[in-house]
$ cat structure-v9.txt   # compact mmCIF, C-alpha atoms
# COMPACT_ATOMS: atom_id res chain seq x y z
CA MET O 60 152.07 30.52 72.58
CA ALA O 61 151.49 27.73 70.06
CA LYS O 62 150.27 25.38 72.81
CA SER O 63 147.87 28.06 74.10
CA LYS O 64 146.43 28.58 70.61
CA LYS O 65 146.02 24.81 70.12
CA LYS O 66 144.32 24.47 73.50
CA LEU O 67 141.99 27.38 72.67
CA ALA O 68 141.18 25.82 69.31
CA ASP O 69 140.40 22.46 70.97
CA VAL O 70 138.12 24.12 73.51
CA THR O 71 136.34 26.05 70.75
CA LYS O 72 135.89 22.91 68.67
CA ALA O 73 134.56 20.98 71.67
CA SER O 74 132.08 23.78 72.40
CA GLN O 75 130.91 23.80 68.78
CA ASN O 76 130.46 20.02 68.80
CA LYS O 77 128.50 20.20 72.05
CA ALA O 78 126.27 22.94 70.64
CA LEU O 79 125.71 20.89 67.47
CA GLN O 80 124.81 17.79 69.48
CA TYR O 81 122.43 19.90 71.58
CA GLU O 82 120.77 21.21 68.41
CA ILE O 83 120.53 17.69 66.93
CA LYS O 84 118.90 16.35 70.10
CA TRP O 85 116.30 19.10 69.93
CA ILE O 86 115.40 17.97 66.42
CA ASP O 87 114.98 14.43 67.70
CA TRP O 88 112.78 15.66 70.56
CA ILE O 89 110.62 17.57 68.06
CA ILE O 90 110.23 14.43 65.89
CA TRP O 91 109.37 12.38 68.97
CA GLY O 92 106.86 14.98 70.18
CA ILE O 93 105.10 15.20 66.80
CA TYR O 94 104.93 11.40 66.60
CA ALA O 95 103.49 11.11 70.12
CA ALA O 96 100.96 13.89 69.51
CA ILE O 97 99.70 12.27 66.32
CA ILE O 98 99.19 8.79 67.76
CA PHE O 99 97.58 10.10 70.97
CA TYR O 100 95.20 12.25 68.90
CA VAL O 101 94.30 9.44 66.49
CA THR O 102 93.85 6.99 69.38
CA ALA O 103 91.41 9.39 71.06
CA HIS O 104 89.23 9.17 67.92
CA HIS O 105 89.81 5.46 67.27
CA GLU O 106 86.92 2.98 67.41
CA PRO O 107 88.35 -0.32 68.67
CA TRP O 108 88.21 -3.49 66.66
CA ARG O 109 86.52 -6.48 68.26
CA ASP O 110 89.80 -8.31 68.93
CA GLU O 111 91.22 -5.25 70.72
CA ALA O 112 88.38 -5.26 73.23
CA GLN O 113 88.46 -9.06 73.44
CA SER O 114 92.03 -8.99 74.81
CA TRP O 115 90.90 -6.62 77.58
CA LEU O 116 87.93 -8.85 78.45
CA ILE O 117 90.08 -11.99 78.51
CA ALA O 118 92.53 -10.30 80.88
CA ARG O 119 89.70 -8.94 83.05
CA ASP O 120 87.61 -12.11 83.36
CA ASN O 121 90.34 -14.74 83.86
CA SER O 122 92.69 -15.61 86.67
CA ILE O 123 96.32 -16.23 85.73
CA GLY O 124 95.71 -19.99 85.79
CA SER O 125 92.59 -19.87 83.64
CA LEU O 126 94.30 -17.40 81.30
CA PHE O 127 97.04 -19.89 80.44
CA ALA O 128 94.40 -22.62 80.00
CA TYR O 129 92.44 -20.37 77.62
CA LEU O 130 95.30 -18.98 75.52
CA PRO O 131 95.54 -21.96 73.12
CA ASN O 132 92.09 -20.95 71.90
CA GLU O 133 93.51 -17.55 71.02
CA GLY O 134 96.83 -18.77 69.62
CA HIS O 135 98.65 -15.79 71.17
CA PRO O 136 101.43 -15.77 73.80
CA PRO O 137 100.56 -14.35 77.24
CA LEU O 138 102.58 -11.14 77.61
CA TRP O 139 99.98 -8.67 76.30
CA TYR O 140 97.23 -10.22 78.45
CA LEU O 141 99.46 -10.26 81.54
CA LEU O 142 100.26 -6.60 80.97
CA LEU O 143 96.56 -5.70 80.74
CA MET O 144 95.48 -7.89 83.64
CA PRO O 145 96.38 -5.64 86.65
CA PHE O 146 94.68 -2.61 85.09
CA SER O 147 91.56 -4.49 84.00
CA LYS O 148 91.26 -6.18 87.42
CA LEU O 149 91.30 -2.74 89.08
CA GLY O 150 88.13 -1.85 87.19
CA LEU O 151 89.74 0.82 85.01
CA PRO O 152 87.94 1.71 81.75
CA TYR O 153 88.75 -0.07 78.51
CA PHE O 154 90.50 3.01 77.10
CA THR O 155 93.34 2.20 79.53
CA ALA O 156 94.46 -0.48 77.06
CA ASN O 157 94.88 2.19 74.37
CA ILE O 158 96.92 4.36 76.74
CA ILE O 159 99.19 1.43 77.62
CA HIS O 160 99.61 0.67 73.94
CA ASN O 161 100.44 4.29 73.15
CA VAL O 162 103.07 4.36 75.91
CA ILE O 163 104.69 1.27 74.38
CA ALA O 164 104.69 2.91 70.95
CA VAL O 165 106.22 6.21 72.11
CA SER O 166 108.80 4.28 74.17
CA PHE O 167 109.85 2.46 71.01
CA ALA O 168 110.06 5.80 69.21
CA TRP O 169 112.26 7.22 71.99
CA LEU O 170 114.66 4.26 71.81
CA LEU O 171 114.78 4.50 68.04
CA LEU O 172 115.59 8.21 68.07
CA PHE O 173 117.92 8.45 71.06
CA LYS O 174 119.50 5.03 71.60
CA ILE O 175 119.65 3.30 68.20
CA ARG O 176 122.32 4.80 65.97
CA LEU O 177 120.42 5.27 62.73
CA PRO O 178 120.35 8.18 60.28
CA ARG O 179 117.61 10.57 61.32
CA TRP O 180 115.84 10.31 57.98
CA LEU O 181 115.62 6.54 58.41
CA SER O 182 114.29 6.74 61.99
CA ALA O 183 111.68 9.31 60.91
CA SER O 184 110.73 7.18 57.90
CA ILE O 185 110.13 4.18 60.15
CA LEU O 186 108.08 6.13 62.69
CA PHE O 187 105.90 7.94 60.14
CA SER O 188 105.23 4.88 58.00
CA TYR O 189 101.73 3.43 58.03
CA PHE O 190 102.55 0.50 60.29
CA PHE O 191 104.39 2.41 63.03
CA LEU O 192 102.12 5.45 62.89
CA TYR O 193 98.85 3.53 62.96
CA GLU O 194 98.85 -0.29 62.80
CA TYR O 195 101.47 -0.79 65.54
CA ALA O 196 100.70 2.40 67.47
CA VAL O 197 96.95 3.06 67.52
CA ILE O 198 95.36 -0.39 67.17
CA ALA O 199 95.82 -1.92 70.63
CA ARG O 200 97.26 -5.33 69.82
CA ASN O 201 100.47 -7.08 70.78
CA TYR O 202 102.50 -5.91 67.77
CA SER O 203 103.93 -2.79 69.39
CA MET O 204 105.61 -4.87 72.11
CA VAL O 205 107.56 -6.72 69.40
CA ALA O 206 108.98 -3.43 68.10
CA LEU O 207 109.79 -2.18 71.62
CA LEU O 208 111.60 -5.39 72.62
CA LEU O 209 113.49 -5.47 69.33
CA ALA O 210 114.66 -1.92 70.07
CA PHE O 211 115.74 -2.97 73.58
CA ALA O 212 117.59 -5.94 72.10
CA GLY O 213 119.25 -3.60 69.61
CA THR O 214 120.54 -1.36 72.39
CA LEU O 215 121.85 -4.39 74.34
CA TYR O 216 123.33 -6.17 71.33
CA PRO O 217 126.80 -4.57 71.46
CA LYS O 218 127.06 -5.63 75.13
CA ARG O 219 125.25 -8.97 74.79
CA PHE O 220 128.22 -10.91 76.20
CA GLU O 221 128.73 -8.40 79.01
CA LYS O 222 125.05 -8.55 80.02
CA PRO O 223 123.89 -11.90 78.62
CA PHE O 224 121.06 -12.40 81.11
CA TRP O 225 119.48 -9.04 80.30
CA TYR O 226 119.80 -9.76 76.60
CA ALA O 227 118.33 -13.25 77.09
CA LEU O 228 115.42 -11.85 79.12
CA VAL O 229 114.52 -9.48 76.29
CA ILE O 230 114.58 -12.37 73.79
CA PHE O 231 112.52 -14.52 76.17
CA LEU O 232 109.90 -11.76 76.42
CA LEU O 233 110.03 -11.29 72.65
CA PHE O 234 108.88 -14.90 72.25
CA GLN O 235 105.93 -14.12 74.54
CA THR O 236 104.61 -11.19 72.51
CA ASN O 237 103.27 -12.45 69.21
CA ILE O 238 103.43 -15.51 66.99
CA LEU O 239 105.04 -13.36 64.29
CA ALA O 240 108.01 -12.74 66.60
CA PHE O 241 108.94 -16.43 66.71
CA CYS O 242 111.22 -16.36 63.65
CA VAL O 243 112.84 -13.11 64.76
CA GLY O 244 113.48 -14.39 68.30
CA ALA O 245 114.82 -17.71 67.01
CA GLY O 246 117.12 -15.88 64.60
CA LEU O 247 118.54 -13.68 67.37
CA GLY O 248 119.09 -16.73 69.57
CA LEU O 249 120.92 -18.56 66.79
CA LEU O 250 122.98 -15.44 66.09
CA PHE O 251 123.98 -15.33 69.77
CA LEU O 252 125.06 -18.98 69.56
CA TRP O 253 126.97 -18.35 66.33
CA ASP O 254 128.84 -15.43 67.89
CA MET O 255 129.66 -17.56 70.93
CA ILE O 256 131.25 -20.20 68.70
CA GLU O 257 133.01 -17.72 66.45
CA LEU O 258 134.44 -15.74 69.38
CA LYS O 259 135.00 -18.91 71.47
CA ASN O 260 133.18 -17.20 74.29
CA PHE O 261 132.15 -20.37 76.17
CA LYS O 262 131.37 -18.90 79.57
CA TRP O 263 128.73 -20.58 81.71
CA LYS O 264 126.62 -17.44 81.83
CA ASN O 265 126.36 -17.40 78.04
CA PHE O 266 125.12 -21.00 78.02
CA ALA O 267 122.63 -20.09 80.75
CA ALA O 268 121.46 -17.13 78.64
CA LEU O 269 120.95 -19.48 75.69
CA GLY O 270 118.85 -21.67 77.96
CA VAL O 271 116.62 -18.72 78.86
CA MET O 272 116.11 -17.88 75.18
CA ALA O 273 115.39 -21.52 74.33
CA ALA O 274 112.84 -21.73 77.14
CA GLY O 275 110.99 -18.74 75.66
CA GLY O 276 110.95 -20.32 72.21
CA LEU O 277 109.88 -23.70 73.59
CA ALA O 278 106.98 -22.10 75.46
CA MET O 279 105.73 -20.57 72.22
CA ILE O 280 106.09 -23.88 70.34
CA ILE O 281 104.03 -25.65 73.02
CA LEU O 282 101.39 -22.94 72.69
CA LEU O 283 101.30 -23.34 68.90
CA LEU O 284 101.05 -27.10 69.17
CA SER O 285 98.23 -26.94 71.70
CA ALA O 286 96.47 -24.30 69.58
CA GLY O 287 96.67 -26.62 66.58
CA LEU O 288 95.35 -29.57 68.58
CA LYS O 289 92.42 -27.50 69.85
CA SER O 290 91.58 -26.12 66.41
CA SER O 291 88.15 -27.27 65.24
CA TYR O 292 89.55 -27.32 61.71
CA SER O 293 92.16 -29.90 62.76
CA ARG O 294 89.68 -32.01 64.73
CA GLU O 295 87.05 -32.16 61.97
CA ALA O 296 89.37 -32.67 58.98
CA GLU O 297 89.64 -36.10 57.33
CA ASP O 298 93.44 -35.89 57.12
CA LYS O 299 94.14 -34.71 60.65
CA VAL O 300 97.94 -34.69 60.29
CA ALA O 301 97.87 -32.44 57.21
CA ALA O 302 95.24 -30.22 58.82
CA PHE O 303 97.30 -29.92 61.98
CA ILE O 304 100.42 -28.90 60.00
CA GLU O 305 98.40 -26.34 58.07
CA THR O 306 96.89 -24.98 61.29
CA PHE O 307 100.39 -24.65 62.76
CA GLY O 308 101.52 -22.77 59.64
CA ASN O 309 98.48 -20.52 59.68
CA ALA O 310 99.23 -19.62 63.29
CA MET O 311 102.61 -18.32 62.07
CA LEU O 312 100.75 -16.40 59.32
CA VAL O 313 103.61 -16.94 56.88
CA ASP O 314 101.28 -18.11 54.12
CA LYS O 315 98.69 -15.38 54.53
CA GLU O 316 98.86 -12.14 52.57
CA SER O 317 98.71 -9.79 55.54
CA GLY O 318 100.70 -12.04 57.86
CA GLY O 319 103.45 -12.55 55.32
CA PHE O 320 103.83 -8.81 54.97
CA ALA O 321 103.90 -8.42 58.75
CA VAL O 322 106.67 -11.02 59.02
CA PHE O 323 108.61 -9.18 56.31
CA ASN O 324 108.06 -5.91 58.19
CA LEU O 325 109.44 -7.34 61.45
CA TYR O 326 112.41 -8.87 59.65
CA SER O 327 113.14 -5.51 58.01
CA LEU O 328 113.07 -3.81 61.42
CA SER O 329 115.42 -6.47 62.79
CA PHE O 330 117.95 -5.85 60.01
CA VAL O 331 117.79 -2.11 60.69
CA LEU O 332 118.28 -2.47 64.45
CA PHE O 333 120.98 -5.16 64.09
CA PRO O 334 123.09 -3.87 61.17
CA ASP O 335 126.08 -6.05 62.09

$ encode --input "structure-v9.txt" --output "structure tokens"
Amino acid sequence: MAKSKKKLADVTKASQNKALQYEIKWIDWIIWGIYAAIIFYVTAHHEPWRDEAQSWLIARDNSIGSLFAYLPNEGHPPLWYLLLMPFSKLGLPYFTANIIHNVIAVSFAWLLLFKIRLPRWLSASILFSYFFLYEYAVIARNYSMVALLLAFAGTLYPKRFEKPFWYALVIFLLFQTNILAFCVGAGLGLLFLWDMIELKNFKWKNFAALGVMAAGGLAMIILLLSAGLKSSYSREAEDKVAAFIETFGNAMLVDKESGGFAVFNLYSLSFVLFPD
């Protein structure tokens, strides 16, 4: 009799927990739906900035080879342009870039709500802040890809040594999104190395994964260096070495008011997604 009562109580408790989880997921779906509806509505009434349209034109009017030759003039890694290129080459309207950007933003929101274990109030606060509701969601630039890849890295982080190549691929792509992501990507790569040493996890696949991450970072450094060398400010300055160093720093935007805040914003997101 006692065993039957205990079994009944366990079944009842399990049913209650399942019902509670079902109710909680519905709340998350509602938050996600409201977020998506807002950014799609605002995007439909958004007048693009010049640099938003410029990215579309660069992707449309260049081959892959000429794109990589041109990118040092922009000072941006290639991923956003490569993502736009197939759609622009097909002759689709410019608004396609905004749709792609919105899909990236709502995908980040989905990962944040359903895959990253954060308190709901914190997830909602992130999504409905100015940056993630407008700057990184409506304005079609390469910032939203940084947030999405950071969320992917956050979901893979607990299994980074079980799936090191997938984790390394995400970090590699992170390096190819935006100059602002360089410090974040480098930090995650160094953290991976630190954990390898601390856990004495010296498997060949982990070293190979480090190589993939390093290749992504090196590619961005080469881009920054070539951007600095091609800068008219560097070429025309009397002290070319000092001008080159300053150009390199300006590309990172760490000494600019808006850029510094953006770096801080990405670092804050990284600490949230990687609490350990």

$ closest_residue --input "structure-v9.txt" --among "O:Ile281, O:Val101, O:Ala199, O:Ile158" --to "Gln113 of chain O" --atoms "all atoms listed in the file"
O:Ala199

$ closest_residue --input "structure-v9.txt" --among "O:Lys264, O:Arg219, O:Lys259, O:Arg119" --to "Tyr153 of chain O" --atoms "all atoms listed in the file"
O:Arg119

$ residues_around --input "structure-v9.txt" --residues "Ile90 of chain O" --least-positions-apart "5" --cutoff "10 Å" --atoms "all atoms listed in the file" --output "list of chain:residue names"
O:Lys84, O:Trp85, O:Ala95, O:Ala96, O:Ala168, O:Trp169, O:Leu172, O:Arg179, O:Ser182, O:Ala183, O:Leu186, O:Phe187

$ closest_residue --input "structure-v9.txt" --among "O:Ile123, O:Ala196, O:Ala128, O:Leu208" --to "Val243 of chain O" --atoms "only C-alpha atoms"
O:Leu208

$ atom_distance --input "structure-v9.txt" --atom1 "atom CA of Trp180 of chain O" --atom2 "atom CA of Asp87 of chain O"
10.6 Å

$ atom_distance --input "structure-v9.txt" --atom1 "atom CA of Trp115 of chain O" --atom2 "atom CA of Cys242 of chain O"
26.5 Å

$ decode --input "structure-v9.txt" --residues "segment 190-201 of chain O" --atoms "N, CA and C atoms" --output "PDB file, in the first residue's frame"
ATOM      1  N   PHE O 190      20.018  47.955 -27.721  1.00  0.00           N
ATOM      2  CA  PHE O 190      20.919  47.359 -28.700  1.00  0.00           C
ATOM      3  C   PHE O 190      20.307  46.135 -29.370  1.00  0.00           C
ATOM      4  N   PHE O 191      19.715  45.232 -28.593  1.00  0.00           N
ATOM      5  CA  PHE O 191      19.220  43.983 -29.170  1.00  0.00           C
ATOM      6  C   PHE O 191      17.812  44.114 -29.742  1.00  0.00           C
ATOM      7  N   LEU O 192      17.146  45.215 -29.441  1.00  0.00           N
ATOM      8  CA  LEU O 192      15.825  45.438 -30.026  1.00  0.00           C
ATOM      9  C   LEU O 192      15.909  46.307 -31.284  1.00  0.00           C
ATOM     10  N   TYR O 193      16.982  47.097 -31.400  1.00  0.00           N
ATOM     11  CA  TYR O 193      17.087  47.969 -32.565  1.00  0.00           C
ATOM     12  C   TYR O 193      18.468  47.920 -33.221  1.00  0.00           C
ATOM     13  N   GLU O 194      19.507  48.306 -32.502  1.00  0.00           N
ATOM     14  CA  GLU O 194      20.841  48.445 -33.105  1.00  0.00           C
ATOM     15  C   GLU O 194      21.333  47.143 -33.719  1.00  0.00           C
ATOM     16  N   TYR O 195      21.170  46.016 -32.997  1.00  0.00           N
ATOM     17  CA  TYR O 195      21.649  44.723 -33.484  1.00  0.00           C
ATOM     18  C   TYR O 195      20.560  43.907 -34.168  1.00  0.00           C
ATOM     19  N   ALA O 196      19.361  44.455 -34.286  1.00  0.00           N
ATOM     20  CA  ALA O 196      18.246  43.678 -34.848  1.00  0.00           C
ATOM     21  C   ALA O 196      17.661  44.307 -36.098  1.00  0.00           C
ATOM     22  N   VAL O 197      17.548  45.635 -36.128  1.00  0.00           N
ATOM     23  CA  VAL O 197      16.899  46.323 -37.238  1.00  0.00           C
ATOM     24  C   VAL O 197      17.921  46.863 -38.233  1.00  0.00           C
ATOM     25  N   ILE O 198      18.975  47.489 -37.735  1.00  0.00           N
ATOM     26  CA  ILE O 198      20.002  48.047 -38.619  1.00  0.00           C
ATOM     27  C   ILE O 198      20.828  46.890 -39.174  1.00  0.00           C
ATOM     28  N   ALA O 199      20.781  46.705 -40.486  1.00  0.00           N
ATOM     29  CA  ALA O 199      21.369  45.517 -41.127  1.00  0.00           C
ATOM     30  C   ALA O 199      22.881  45.664 -41.265  1.00  0.00           C
ATOM     31  N   ARG O 200      23.568  45.358 -40.188  1.00  0.00           N
ATOM     32  CA  ARG O 200      25.027  45.342 -40.180  1.00  0.00           C
ATOM     33  C   ARG O 200      25.475  43.984 -39.665  1.00  0.00           C
ATOM     34  N   ASN O 201      26.770  43.830 -39.461  1.00  0.00           N
ATOM     35  CA  ASN O 201      27.289  42.511 -39.082  1.00  0.00           C
ATOM     36  C   ASN O 201      27.300  42.249 -37.580  1.00  0.00           C
TER      37      ASN O 201
END
